[in-house]
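Raw contents of entry-v7.cif, mmCIF, C-alpha atoms:
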data_model
loop_
_atom_site.group_PDB
_atom_site.id
_atom_site.type_symbol
_atom_site.label_atom_id
_atom_site.label_comp_id
_atom_site.auth_asym_id
_atom_site.auth_seq_id
_atom_site.Cartn_x
_atom_site.Cartn_y
_atom_site.Cartn_z
ATOM 1 C CA MET T 1 0.000 0.000 0.000
ATOM 2 C CA ALA T 2 2.794 2.451 0.812
ATOM 3 C CA PRO T 3 4.327 2.740 -2.708
ATOM 4 C CA ARG T 4 0.895 3.024 -4.327
ATOM 5 C CA LEU T 5 -0.195 5.774 -1.943
ATOM 6 C CA ILE T 6 2.956 7.792 -2.535
ATOM 7 C CA LEU T 7 2.861 7.388 -6.328
ATOM 8 C CA VAL T 8 -0.772 8.456 -6.495
ATOM 9 C CA LEU T 9 -0.060 11.489 -4.335
ATOM 10 C CA LEU T 10 2.866 12.585 -6.461
ATOM 11 C CA TRP T 11 0.632 13.151 -9.471
ATOM 12 C CA ALA T 12 -2.378 14.437 -7.511
ATOM 13 C CA GLY T 13 -3.803 17.866 -8.234
ATOM 14 C CA PHE T 14 -1.712 19.947 -5.831
ATOM 15 C CA SER T 15 1.376 22.024 -6.548
ATOM 16 C CA PHE T 16 3.801 20.877 -3.869
ATOM 17 C CA ALA T 17 5.481 23.632 -1.863
ATOM 18 C CA PRO T 18 9.197 23.328 -1.014
ATOM 19 C CA LEU T 19 8.640 24.567 2.536
ATOM 20 C CA HIS T 20 5.652 24.519 4.811
ATOM 21 C CA ALA T 21 4.668 27.973 6.010
ATOM 22 C CA GLN T 22 2.768 26.959 9.131
ATOM 23 C CA ALA T 23 5.538 24.935 10.774
ATOM 24 C CA TRP T 24 8.523 26.931 9.563
ATOM 25 C CA GLN T 25 9.953 27.346 13.066
ATOM 26 C CA CYS T 26 8.976 23.990 14.590
ATOM 27 C CA ARG T 27 11.735 22.281 16.544
ATOM 28 C CA THR T 28 11.245 18.520 16.694
ATOM 29 C CA PRO T 29 11.791 17.464 20.325
ATOM 30 C CA ALA T 30 14.671 15.113 21.042
ATOM 31 C CA TYR T 31 12.371 12.982 23.186
ATOM 32 C CA VAL T 32 8.657 12.376 22.739
ATOM 33 C CA PRO T 33 6.439 10.153 24.862
ATOM 34 C CA ARG T 34 4.691 7.198 23.308
ATOM 35 C CA PRO T 35 0.913 7.620 23.288
ATOM 36 C CA ALA T 36 -1.534 5.350 25.074
ATOM 37 C CA LEU T 37 -3.084 2.387 23.316
ATOM 38 C CA GLU T 38 -6.492 3.085 21.779
ATOM 39 C CA LEU T 39 -8.809 0.110 21.358
ATOM 40 C CA PRO T 40 -12.236 0.401 19.729
ATOM 41 C CA THR T 41 -15.376 -1.221 21.012
ATOM 42 C CA SER T 42 -16.976 -3.860 18.812
ATOM 43 C CA GLY T 43 -19.667 -1.369 17.825
ATOM 44 C CA GLU T 44 -17.119 1.162 16.566
ATOM 45 C CA LYS T 45 -15.526 -1.129 13.973
ATOM 46 C CA ARG T 46 -16.811 -0.405 10.476
ATOM 47 C CA ARG T 47 -15.373 -1.661 7.176
ATOM 48 C CA THR T 48 -17.367 0.221 4.552
ATOM 49 C CA PRO T 49 -15.975 0.839 1.026
ATOM 50 C CA VAL T 50 -13.624 3.818 0.657
ATOM 51 C CA LYS T 51 -14.964 6.288 -1.931
ATOM 52 C CA GLY T 52 -12.814 9.334 -1.174
ATOM 53 C CA TYR T 53 -10.900 11.157 1.546
ATOM 54 C CA THR T 54 -10.971 14.261 3.741
ATOM 55 C CA LEU T 55 -7.856 16.209 4.715
ATOM 56 C CA ALA T 56 -8.703 17.983 7.981
ATOM 57 C CA LEU T 57 -6.666 21.050 8.957
ATOM 58 C CA SER T 58 -7.168 22.448 12.466
ATOM 59 C CA TRP T 59 -6.577 26.083 13.402
ATOM 60 C CA SER T 60 -4.218 25.643 16.342
ATOM 61 C CA PRO T 61 -4.676 29.029 18.091
ATOM 62 C CA GLU T 62 -8.355 28.213 18.633
ATOM 63 C CA GLN T 63 -7.557 24.674 19.813
ATOM 64 C CA CYS T 64 -5.004 26.059 22.243
ATOM 65 C CA ARG T 65 -7.082 28.900 23.636
ATOM 66 C CA GLY T 66 -6.923 28.512 27.418
ATOM 67 C CA ARG T 67 -4.931 25.260 27.121
ATOM 68 C CA LYS T 68 -1.360 26.536 27.272
ATOM 69 C CA HIS T 69 -0.731 24.540 30.446
ATOM 70 C CA ASP T 70 -2.765 21.460 29.494
ATOM 71 C CA PRO T 71 -0.349 18.478 29.718
ATOM 72 C CA SER T 72 -2.178 16.617 26.942
ATOM 73 C CA MET T 73 -1.560 19.572 24.596
ATOM 74 C CA ARG T 74 1.950 20.336 25.797
ATOM 75 C CA TYR T 75 3.787 20.299 22.469
ATOM 76 C CA GLN T 76 1.100 22.025 20.448
ATOM 77 C CA CYS T 77 0.121 24.773 22.870
ATOM 78 C CA SER T 78 2.984 25.594 25.246
ATOM 79 C CA GLY T 79 5.325 27.102 22.650
ATOM 80 C CA GLU T 80 7.990 24.574 23.661
ATOM 81 C CA ILE T 81 8.593 23.382 20.093
ATOM 82 C CA GLY T 82 7.126 26.385 18.269
ATOM 83 C CA GLU T 83 3.904 28.264 17.620
ATOM 84 C CA PHE T 84 1.492 26.758 15.117
ATOM 85 C CA GLY T 85 -1.077 28.093 12.692
ATOM 86 C CA PHE T 86 -2.803 25.243 10.868
ATOM 87 C CA VAL T 87 -1.912 21.732 11.988
ATOM 88 C CA LEU T 88 -2.908 18.388 10.510
ATOM 89 C CA HIS T 89 -5.889 16.894 12.289
ATOM 90 C CA GLY T 90 -5.971 13.882 10.012
ATOM 91 C CA LEU T 91 -6.518 12.201 6.672
ATOM 92 C CA TRP T 92 -9.860 10.401 6.757
ATOM 93 C CA PRO T 93 -11.306 7.769 4.409
ATOM 94 C CA GLU T 94 -14.888 8.494 3.340
ATOM 95 C CA THR T 95 -17.705 6.472 1.837
ATOM 96 C CA ASN T 96 -20.969 7.332 0.074
ATOM 97 C CA GLY T 97 -22.925 8.469 3.094
ATOM 98 C CA PRO T 98 -22.209 9.115 6.772
ATOM 99 C CA ARG T 99 -21.039 5.610 7.735
ATOM 100 C CA TYR T 100 -17.378 6.127 6.866
ATOM 101 C CA PRO T 101 -14.939 3.266 7.568
ATOM 102 C CA GLN T 102 -13.182 3.306 10.918
ATOM 103 C CA TYR T 103 -11.114 1.048 13.173
ATOM 104 C CA CYS T 104 -10.653 -1.479 10.378
ATOM 105 C CA ARG T 105 -8.251 -3.540 12.462
ATOM 106 C CA THR T 106 -6.677 -3.483 15.907
ATOM 107 C CA VAL T 107 -3.178 -1.981 16.097
ATOM 108 C CA GLY T 108 -0.583 -1.402 18.786
ATOM 109 C CA VAL T 109 1.039 1.759 20.092
ATOM 110 C CA LEU T 110 2.862 3.893 17.538
ATOM 111 C CA PRO T 111 6.658 3.594 17.585
ATOM 112 C CA ARG T 112 8.345 6.632 19.086
ATOM 113 C CA GLU T 113 10.182 7.343 15.803
ATOM 114 C CA VAL T 114 6.876 7.586 13.926
ATOM 115 C CA VAL T 115 5.508 9.998 16.517
ATOM 116 C CA ARG T 116 8.646 12.136 16.362
ATOM 117 C CA SER T 117 8.592 12.343 12.560
ATOM 118 C CA ASN T 118 5.077 13.840 12.646
ATOM 119 C CA MET T 119 5.433 16.272 15.536
ATOM 120 C CA CYS T 120 5.756 19.336 13.310
ATOM 121 C CA VAL T 121 2.487 18.630 11.502
ATOM 122 C CA THR T 122 0.445 16.894 14.233
ATOM 123 C CA PRO T 123 2.107 18.025 17.467
ATOM 124 C CA THR T 124 -0.008 15.874 19.813
ATOM 125 C CA PRO T 125 1.166 12.254 20.218
ATOM 126 C CA GLN T 126 -2.189 10.931 21.405
ATOM 127 C CA LEU T 127 -3.966 12.468 18.408
ATOM 128 C CA GLN T 128 -1.504 10.675 16.125
ATOM 129 C CA GLN T 129 -2.383 7.376 17.819
ATOM 130 C CA HIS T 130 -6.099 8.110 17.457
ATOM 131 C CA GLU T 131 -5.833 8.998 13.768
ATOM 132 C CA TRP T 132 -3.841 5.867 12.960
ATOM 133 C CA ALA T 133 -6.168 3.559 14.907
ATOM 134 C CA LYS T 134 -9.440 5.077 13.686
ATOM 135 C CA HIS T 135 -8.642 6.187 10.135
ATOM 136 C CA GLY T 136 -5.220 5.004 9.033
ATOM 137 C CA THR T 137 -6.034 1.336 9.531
ATOM 138 C CA CYS T 138 -8.646 1.640 6.772
ATOM 139 C CA MET T 139 -6.119 3.114 4.315
ATOM 140 C CA ALA T 140 -2.647 1.667 4.775
ATOM 141 C CA LYS T 141 -0.830 -1.386 6.083
ATOM 142 C CA THR T 142 1.688 0.588 8.142
ATOM 143 C CA PRO T 143 1.638 3.875 10.085
ATOM 144 C CA GLU T 144 4.652 5.023 8.057
ATOM 145 C CA ALA T 145 2.603 4.747 4.835
ATOM 146 C CA TYR T 146 -0.446 6.458 6.336
ATOM 147 C CA PHE T 147 1.398 9.371 7.894
ATOM 148 C CA GLY T 148 3.679 9.685 4.858
ATOM 149 C CA ALA T 149 0.636 10.199 2.630
ATOM 150 C CA ALA T 150 -0.932 12.654 5.070
ATOM 151 C CA ARG T 151 2.282 14.683 5.329
ATOM 152 C CA LEU T 152 2.640 14.890 1.541
ATOM 153 C CA LEU T 153 -0.850 16.309 1.225
ATOM 154 C CA PHE T 154 -0.389 18.669 4.157
ATOM 155 C CA HIS T 155 2.884 20.054 2.854
ATOM 156 C CA ALA T 156 1.283 20.571 -0.556
ATOM 157 C CA ILE T 157 -1.058 23.234 0.826
ATOM 158 C CA GLN T 158 -0.205 26.917 0.582
ATOM 159 C CA PHE T 159 -1.840 28.650 3.537
ATOM 160 C CA PRO T 160 -3.285 32.162 3.456
ATOM 161 C CA ASP T 161 -2.161 34.824 5.911
ATOM 162 C CA MET T 162 -4.746 34.159 8.604
ATOM 163 C CA VAL T 163 -3.607 37.111 10.721
ATOM 164 C CA ARG T 164 -4.433 39.458 7.850
ATOM 165 C CA LEU T 165 -7.729 37.673 7.168
ATOM 166 C CA SER T 166 -8.685 37.868 10.831
ATOM 167 C CA ARG T 167 -8.464 41.664 10.670
ATOM 168 C CA GLN T 168 -10.745 41.908 7.643
ATOM 169 C CA SER T 169 -13.826 42.539 9.771
ATOM 170 C CA GLU T 170 -11.961 45.317 11.593
ATOM 171 C CA ARG T 171 -11.667 47.051 8.210
ATOM 172 C CA GLY T 172 -15.402 46.852 7.682
ATOM 173 C CA THR T 173 -15.631 43.740 5.474
ATOM 174 C CA PRO T 174 -17.268 40.679 7.083
ATOM 175 C CA LEU T 175 -15.147 37.522 7.144
ATOM 176 C CA THR T 176 -17.233 34.542 6.086
ATOM 177 C CA ALA T 177 -16.641 30.826 5.640
ATOM 178 C CA ALA T 178 -16.706 31.426 1.881
ATOM 179 C CA THR T 179 -14.022 34.124 2.184
ATOM 180 C CA ILE T 180 -11.688 31.692 3.944
ATOM 181 C CA ALA T 181 -12.280 28.992 1.315
ATOM 182 C CA GLU T 182 -11.660 31.537 -1.449
ATOM 183 C CA ALA T 183 -8.368 32.586 0.175
ATOM 184 C CA PHE T 184 -7.192 28.968 0.068
ATOM 185 C CA ALA T 185 -8.379 28.532 -3.526
ATOM 186 C CA GLU T 186 -6.495 31.631 -4.696
ATOM 187 C CA LEU T 187 -3.202 30.242 -3.416
ATOM 188 C CA ASN T 188 -3.636 26.609 -4.445
ATOM 189 C CA GLU T 189 -3.942 25.756 -8.109
ATOM 190 C CA GLY T 190 -6.417 22.941 -8.661
ATOM 191 C CA LEU T 191 -8.209 23.479 -5.340
ATOM 192 C CA PRO T 192 -11.731 24.818 -6.037
ATOM 193 C CA VAL T 193 -13.873 26.476 -3.393
ATOM 194 C CA ASP T 194 -16.469 23.695 -3.528
ATOM 195 C CA ALA T 195 -13.799 21.161 -2.508
ATOM 196 C CA MET T 196 -13.558 22.786 0.932
ATOM 197 C CA ARG T 197 -15.657 22.944 4.070
ATOM 198 C CA VAL T 198 -14.980 25.491 6.807
ATOM 199 C CA LYS T 199 -15.924 24.506 10.357
ATOM 200 C CA ALA T 200 -16.546 27.066 13.088
ATOM 201 C CA ASN T 201 -17.634 26.369 16.671
ATOM 202 C CA LYS T 202 -20.960 27.407 18.163
ATOM 203 C CA ASN T 203 -19.544 30.834 18.993
ATOM 204 C CA GLY T 204 -18.434 31.436 15.411
ATOM 205 C CA TRP T 205 -14.679 30.934 15.864
ATOM 206 C CA LEU T 206 -12.750 29.078 13.143
ATOM 207 C CA GLU T 207 -11.877 25.495 14.096
ATOM 208 C CA GLU T 208 -11.007 23.662 10.877
ATOM 209 C CA VAL T 209 -10.731 23.744 7.125
ATOM 210 C CA ARG T 210 -11.535 20.393 5.513
ATOM 211 C CA ILE T 211 -10.527 19.497 1.965
ATOM 212 C CA CYS T 212 -12.507 16.850 0.091
ATOM 213 C CA LEU T 213 -10.469 14.450 -2.067
ATOM 214 C CA GLY T 214 -11.315 11.721 -4.529
ATOM 215 C CA LEU T 215 -9.823 8.235 -4.640
ATOM 216 C CA ASP T 216 -6.993 9.710 -6.740
ATOM 217 C CA PHE T 217 -6.304 12.237 -3.929
ATOM 218 C CA LYS T 218 -7.277 15.110 -6.215
ATOM 219 C CA PRO T 219 -9.639 17.740 -4.803
ATOM 220 C CA ARG T 220 -13.296 17.017 -5.562
ATOM 221 C CA LYS T 221 -16.585 18.712 -4.829
ATOM 222 C CA CYS T 222 -17.533 17.898 -1.267
ATOM 223 C CA PRO T 223 -20.355 15.343 -0.988
ATOM 224 C CA ARG T 224 -23.716 16.524 0.294
ATOM 225 C CA GLN T 225 -23.292 14.825 3.646
ATOM 226 C CA ALA T 226 -20.146 16.883 4.356
ATOM 227 C CA LYS T 227 -21.992 19.735 6.073
ATOM 228 C CA ASP T 228 -20.173 22.262 8.202
ATOM 229 C CA THR T 229 -20.497 26.019 8.619
ATOM 230 C CA ALA T 230 -22.661 27.711 5.973
ATOM 231 C CA ASN T 231 -20.675 29.612 3.336
ATOM 232 C CA SER T 232 -22.440 32.856 4.187
ATOM 233 C CA ALA T 233 -21.851 32.546 7.941
ATOM 234 C CA THR T 234 -19.594 35.117 9.591
ATOM 235 C CA VAL T 235 -16.446 33.515 11.017
ATOM 236 C CA LYS T 236 -14.029 34.908 13.585
ATOM 237 C CA VAL T 237 -10.364 33.877 13.721
ATOM 238 C CA TRP T 238 -8.646 33.705 17.095
ATOM 239 C CA ARG T 239 -5.100 34.915 16.519
ATOM 240 C CA GLY T 240 -3.508 33.960 19.819
ATOM 241 C CA THR T 241 0.199 34.585 19.406
ATOM 242 C CA VAL T 242 0.514 33.114 15.903
ATOM 243 C CA LYS T 243 2.652 35.106 13.474
ATOM 244 C CA ALA T 244 1.779 35.802 9.870
ATOM 245 C CA ALA T 245 2.797 32.976 7.519
ATOM 246 C CA ARG T 246 6.197 33.352 5.901
#
Could you take the file, read its structure, and then write that structure out as structure tokens?
Amino acid sequence: MAPRLILVLLWAGFSFAPLHAQAWQCRTPAYVPRPALELPTSGEKRRTPVKGYTLALSWSPEQCRGRKHDPSMRYQCSGEIGEFGFVLHGLWPETNGPRYPQYCRTVGVLPREVVRSNMCVTPTPQLQQHEWAKHGTCMAKTPEAYFGAARLLFHAIQFPDMVRLSRQSERGTPLTAATIAEAFAELNEGLPVDAMRVKANKNGWLEEVRICLGLDFKPRKCPRQAKDTANSATVKVWRGTVKAAR
């Protein structure tokens, strides 16, 4: 599975960037803890056919608001290894409908080297374990193949200057979910607005941008069941201490 995933991704519809703007100053820690084992219940296991994928990108300043001293979010939120803008939540297999595949087989704890190699894109070890157990097991035979594919897609994205966008409303122009999707589309050739979903929380603060992908890993129009924040909804962006993208 690993070679096939990588080959498909190399000719997918993104223009790969040489450097990743959001993690430009990340310092991979010399030591990282191994996450805890995550075992699904029998009712959580679901092996439905894979019909596409979602690349989920979380806005870290919002995730970290009030959690600077949370031990479970130490690397992402404390500033110890850097300050993050968008981070990789995960790469998820999808099906036709809401019953996406998950927990396709039982796996052990991620090796420490795998965790370390992904700390600058997903800087929370336990989230890495969760994504591999729940989603990666339905896509790849090894965590190296799964995370390798996810990193390739993540590094392919050019990110807009979210600090500048967050100040748009201060200049009298409302910032909407559609505006954020359009900012991504302008920077990324082959990524149309209808291939993205913007997710805000109940208070209107940006949480995630999700990119819908086909089986060939090229952006595709998001399926009807992929419902998040309405395009016309006003969205606020919590800046925290994040710097403008370089």
Using the chain letters and numbers from this file, what does the PyMOL selection byres ((chain T and resi 139) around 10) select? Give the answer as a count of residues only.
23
Quick one: which residues end up in the PyMOL selection byres ((chain T and resi 60) around 10) for this structure, as a CSV table (one decimal) with C-alpha atoms, keeping the file's coordinate frame?
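Wrote result-v9.csv, looks like this:
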chain,number,residue,atom,x,y,z
T,57,LEU,CA,-6.7,21.0,9.0
T,58,SER,CA,-7.2,22.4,12.5
T,59,TRP,CA,-6.6,26.1,13.4
T,61,PRO,CA,-4.7,29.0,18.1
T,62,GLU,CA,-8.4,28.2,18.6
T,63,GLN,CA,-7.6,24.7,19.8
T,64,CYS,CA,-5.0,26.1,22.2
T,65,ARG,CA,-7.1,28.9,23.6
T,76,GLN,CA,1.1,22.0,20.4
T,77,CYS,CA,0.1,24.8,22.9
T,83,GLU,CA,3.9,28.3,17.6
T,84,PHE,CA,1.5,26.8,15.1
T,85,GLY,CA,-1.1,28.1,12.7
T,86,PHE,CA,-2.8,25.2,10.9
T,87,VAL,CA,-1.9,21.7,12.0
T,88,LEU,CA,-2.9,18.4,10.5
T,89,HIS,CA,-5.9,16.9,12.3
T,123,PRO,CA,2.1,18.0,17.5
T,206,LEU,CA,-12.8,29.1,13.1
T,207,GLU,CA,-11.9,25.5,14.1
T,208,GLU,CA,-11.0,23.7,10.9
T,238,TRP,CA,-8.6,33.7,17.1
T,239,ARG,CA,-5.1,34.9,16.5
T,240,GLY,CA,-3.5,34.0,19.8
T,242,VAL,CA,0.5,33.1,15.9
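For the structure in this document, the set picked by the PyMOL selection byres ((chain T and resi 74) around 12) is Pro29, Val32, Pro33, Cys64, Arg67, Lys68, His69, Asp70, Pro71, Ser72, Met73, Tyr75, Gln76, Cys77, Ser78, Gly79, Glu80, Ile81, Gly82, Glu83, Met119, Pro123, Thr124, Pro125 and Gln126 of chain T.
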Contacts of Phe154 of chain T at 8 Å or less, counting only C-alpha atoms, minus same-chain residues fewer than 3 places along, as a ChimeraX atom specification?
/T:55,88,121,150-151,157
Counting only C-alpha atoms, which residue out of T:Asp216, T:Cys120, T:Gly190, T:Ser169 sits closest to Gln25 of chain T?
T:Cys120
Between atom CA of Phe184 of chain T and atom CA of Phe217 of chain T, what is the spacing in Å?
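Between these atoms lies a distance of 17.2 Å.
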All residues 10 Å or closer to Thr54 of chain T, all atoms listed in the file, same chain fewer than 2 positions away omitted, as a PyMOL selection string
chain T and resi 52+56-57+90-94+195-197+210-214+217+219-220+222+226
Where atoms are absent from segment 183-205 of chain T, fill them in so it carries N, CA, C and O atoms, then output it as a PDB file, keeping the file's coordinate frame.
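For reference, rebuild-v8.pdb as written:
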ATOM      1  N   ALA T 183      -9.769  32.249  -0.069  1.00  0.00           N
ATOM      2  CA  ALA T 183      -8.368  32.586   0.175  1.00  0.00           C
ATOM      3  C   ALA T 183      -7.473  31.369  -0.064  1.00  0.00           C
ATOM      4  O   ALA T 183      -6.374  31.493  -0.609  1.00  0.00           O
ATOM      5  N   PHE T 184      -7.939  30.191   0.340  1.00  0.00           N
ATOM      6  CA  PHE T 184      -7.192  28.968   0.068  1.00  0.00           C
ATOM      7  C   PHE T 184      -7.154  28.687  -1.430  1.00  0.00           C
ATOM      8  O   PHE T 184      -6.108  28.328  -1.983  1.00  0.00           O
ATOM      9  N   ALA T 185      -8.293  28.835  -2.092  1.00  0.00           N
ATOM     10  CA  ALA T 185      -8.379  28.532  -3.526  1.00  0.00           C
ATOM     11  C   ALA T 185      -7.462  29.435  -4.344  1.00  0.00           C
ATOM     12  O   ALA T 185      -6.861  28.989  -5.327  1.00  0.00           O
ATOM     13  N   GLU T 186      -7.340  30.690  -3.960  1.00  0.00           N
ATOM     14  CA  GLU T 186      -6.495  31.631  -4.696  1.00  0.00           C
ATOM     15  C   GLU T 186      -5.029  31.234  -4.664  1.00  0.00           C
ATOM     16  O   GLU T 186      -4.288  31.476  -5.612  1.00  0.00           O
ATOM     17  N   LEU T 187      -4.610  30.601  -3.587  1.00  0.00           N
ATOM     18  CA  LEU T 187      -3.202  30.242  -3.416  1.00  0.00           C
ATOM     19  C   LEU T 187      -2.859  28.848  -3.933  1.00  0.00           C
ATOM     20  O   LEU T 187      -1.683  28.531  -4.124  1.00  0.00           O
ATOM     21  N   ASN T 188      -3.875  28.018  -4.123  1.00  0.00           N
ATOM     22  CA  ASN T 188      -3.636  26.609  -4.445  1.00  0.00           C
ATOM     23  C   ASN T 188      -4.273  26.245  -5.779  1.00  0.00           C
ATOM     24  O   ASN T 188      -5.496  26.071  -5.862  1.00  0.00           O
ATOM     25  N   GLU T 189      -3.446  26.127  -6.793  1.00  0.00           N
ATOM     26  CA  GLU T 189      -3.942  25.756  -8.109  1.00  0.00           C
ATOM     27  C   GLU T 189      -4.573  24.366  -8.060  1.00  0.00           C
ATOM     28  O   GLU T 189      -4.007  23.424  -7.493  1.00  0.00           O
ATOM     29  N   GLY T 190      -5.739  24.232  -8.636  1.00  0.00           N
ATOM     30  CA  GLY T 190      -6.417  22.941  -8.661  1.00  0.00           C
ATOM     31  C   GLY T 190      -7.266  22.667  -7.438  1.00  0.00           C
ATOM     32  O   GLY T 190      -7.820  21.573  -7.310  1.00  0.00           O
ATOM     33  N   LEU T 191      -7.385  23.650  -6.535  1.00  0.00           N
ATOM     34  CA  LEU T 191      -8.209  23.479  -5.340  1.00  0.00           C
ATOM     35  C   LEU T 191      -9.411  24.424  -5.418  1.00  0.00           C
ATOM     36  O   LEU T 191      -9.310  25.596  -5.057  1.00  0.00           O
ATOM     37  N   PRO T 192     -10.558  23.944  -5.907  1.00  0.00           N
ATOM     38  CA  PRO T 192     -11.731  24.818  -6.037  1.00  0.00           C
ATOM     39  C   PRO T 192     -12.420  25.054  -4.696  1.00  0.00           C
ATOM     40  O   PRO T 192     -12.258  24.272  -3.749  1.00  0.00           O
ATOM     41  N   VAL T 193     -13.180  26.115  -4.627  1.00  0.00           N
ATOM     42  CA  VAL T 193     -13.873  26.476  -3.393  1.00  0.00           C
ATOM     43  C   VAL T 193     -14.829  25.372  -2.947  1.00  0.00           C
ATOM     44  O   VAL T 193     -14.948  25.088  -1.746  1.00  0.00           O
ATOM     45  N   ASP T 194     -15.481  24.710  -3.918  1.00  0.00           N
ATOM     46  CA  ASP T 194     -16.469  23.695  -3.528  1.00  0.00           C
ATOM     47  C   ASP T 194     -15.841  22.380  -3.070  1.00  0.00           C
ATOM     48  O   ASP T 194     -16.542  21.429  -2.730  1.00  0.00           O
ATOM     49  N   ALA T 195     -14.501  22.328  -3.048  1.00  0.00           N
ATOM     50  CA  ALA T 195     -13.799  21.161  -2.508  1.00  0.00           C
ATOM     51  C   ALA T 195     -13.397  21.382  -1.049  1.00  0.00           C
ATOM     52  O   ALA T 195     -12.635  20.595  -0.485  1.00  0.00           O
ATOM     53  N   MET T 196     -13.915  22.462  -0.445  1.00  0.00           N
ATOM     54  CA  MET T 196     -13.558  22.786   0.932  1.00  0.00           C
ATOM     55  C   MET T 196     -14.792  22.996   1.793  1.00  0.00           C
ATOM     56  O   MET T 196     -15.823  23.472   1.325  1.00  0.00           O
ATOM     57  N   ARG T 197     -14.654  22.646   3.065  1.00  0.00           N
ATOM     58  CA  ARG T 197     -15.657  22.944   4.070  1.00  0.00           C
ATOM     59  C   ARG T 197     -14.946  23.649   5.227  1.00  0.00           C
ATOM     60  O   ARG T 197     -13.893  23.206   5.688  1.00  0.00           O
ATOM     61  N   VAL T 198     -15.527  24.738   5.674  1.00  0.00           N
ATOM     62  CA  VAL T 198     -14.980  25.491   6.807  1.00  0.00           C
ATOM     63  C   VAL T 198     -15.838  25.180   8.029  1.00  0.00           C
ATOM     64  O   VAL T 198     -17.075  25.225   7.960  1.00  0.00           O
ATOM     65  N   LYS T 199     -15.193  24.865   9.139  1.00  0.00           N
ATOM     66  CA  LYS T 199     -15.924  24.506  10.357  1.00  0.00           C
ATOM     67  C   LYS T 199     -15.623  25.519  11.454  1.00  0.00           C
ATOM     68  O   LYS T 199     -14.459  25.728  11.816  1.00  0.00           O
ATOM     69  N   ALA T 200     -16.664  26.158  11.945  1.00  0.00           N
ATOM     70  CA  ALA T 200     -16.546  27.066  13.088  1.00  0.00           C
ATOM     71  C   ALA T 200     -17.293  26.463  14.272  1.00  0.00           C
ATOM     72  O   ALA T 200     -18.209  25.648  14.104  1.00  0.00           O
ATOM     73  N   ASN T 201     -16.926  26.890  15.497  1.00  0.00           N
ATOM     74  CA  ASN T 201     -17.634  26.369  16.671  1.00  0.00           C
ATOM     75  C   ASN T 201     -18.929  27.145  16.890  1.00  0.00           C
ATOM     76  O   ASN T 201     -19.282  28.044  16.119  1.00  0.00           O
ATOM     77  N   LYS T 202     -19.633  26.815  17.941  1.00  0.00           N
ATOM     78  CA  LYS T 202     -20.960  27.407  18.163  1.00  0.00           C
ATOM     79  C   LYS T 202     -20.888  28.903  18.415  1.00  0.00           C
ATOM     80  O   LYS T 202     -21.911  29.609  18.267  1.00  0.00           O
ATOM     81  N   ASN T 203     -19.712  29.397  18.773  1.00  0.00           N
ATOM     82  CA  ASN T 203     -19.544  30.834  18.993  1.00  0.00           C
ATOM     83  C   ASN T 203     -18.998  31.554  17.769  1.00  0.00           C
ATOM     84  O   ASN T 203     -18.694  32.751  17.832  1.00  0.00           O
ATOM     85  N   GLY T 204     -18.849  30.817  16.658  1.00  0.00           N
ATOM     86  CA  GLY T 204     -18.434  31.436  15.411  1.00  0.00           C
ATOM     87  C   GLY T 204     -16.941  31.534  15.192  1.00  0.00           C
ATOM     88  O   GLY T 204     -16.500  32.178  14.230  1.00  0.00           O
ATOM     89  N   TRP T 205     -16.137  30.882  16.015  1.00  0.00           N
ATOM     90  CA  TRP T 205     -14.679  30.934  15.864  1.00  0.00           C
ATOM     91  C   TRP T 205     -14.201  29.786  14.968  1.00  0.00           C
ATOM     92  O   TRP T 205     -14.649  28.648  15.117  1.00  0.00           O
TER      93      TRP T 205
END
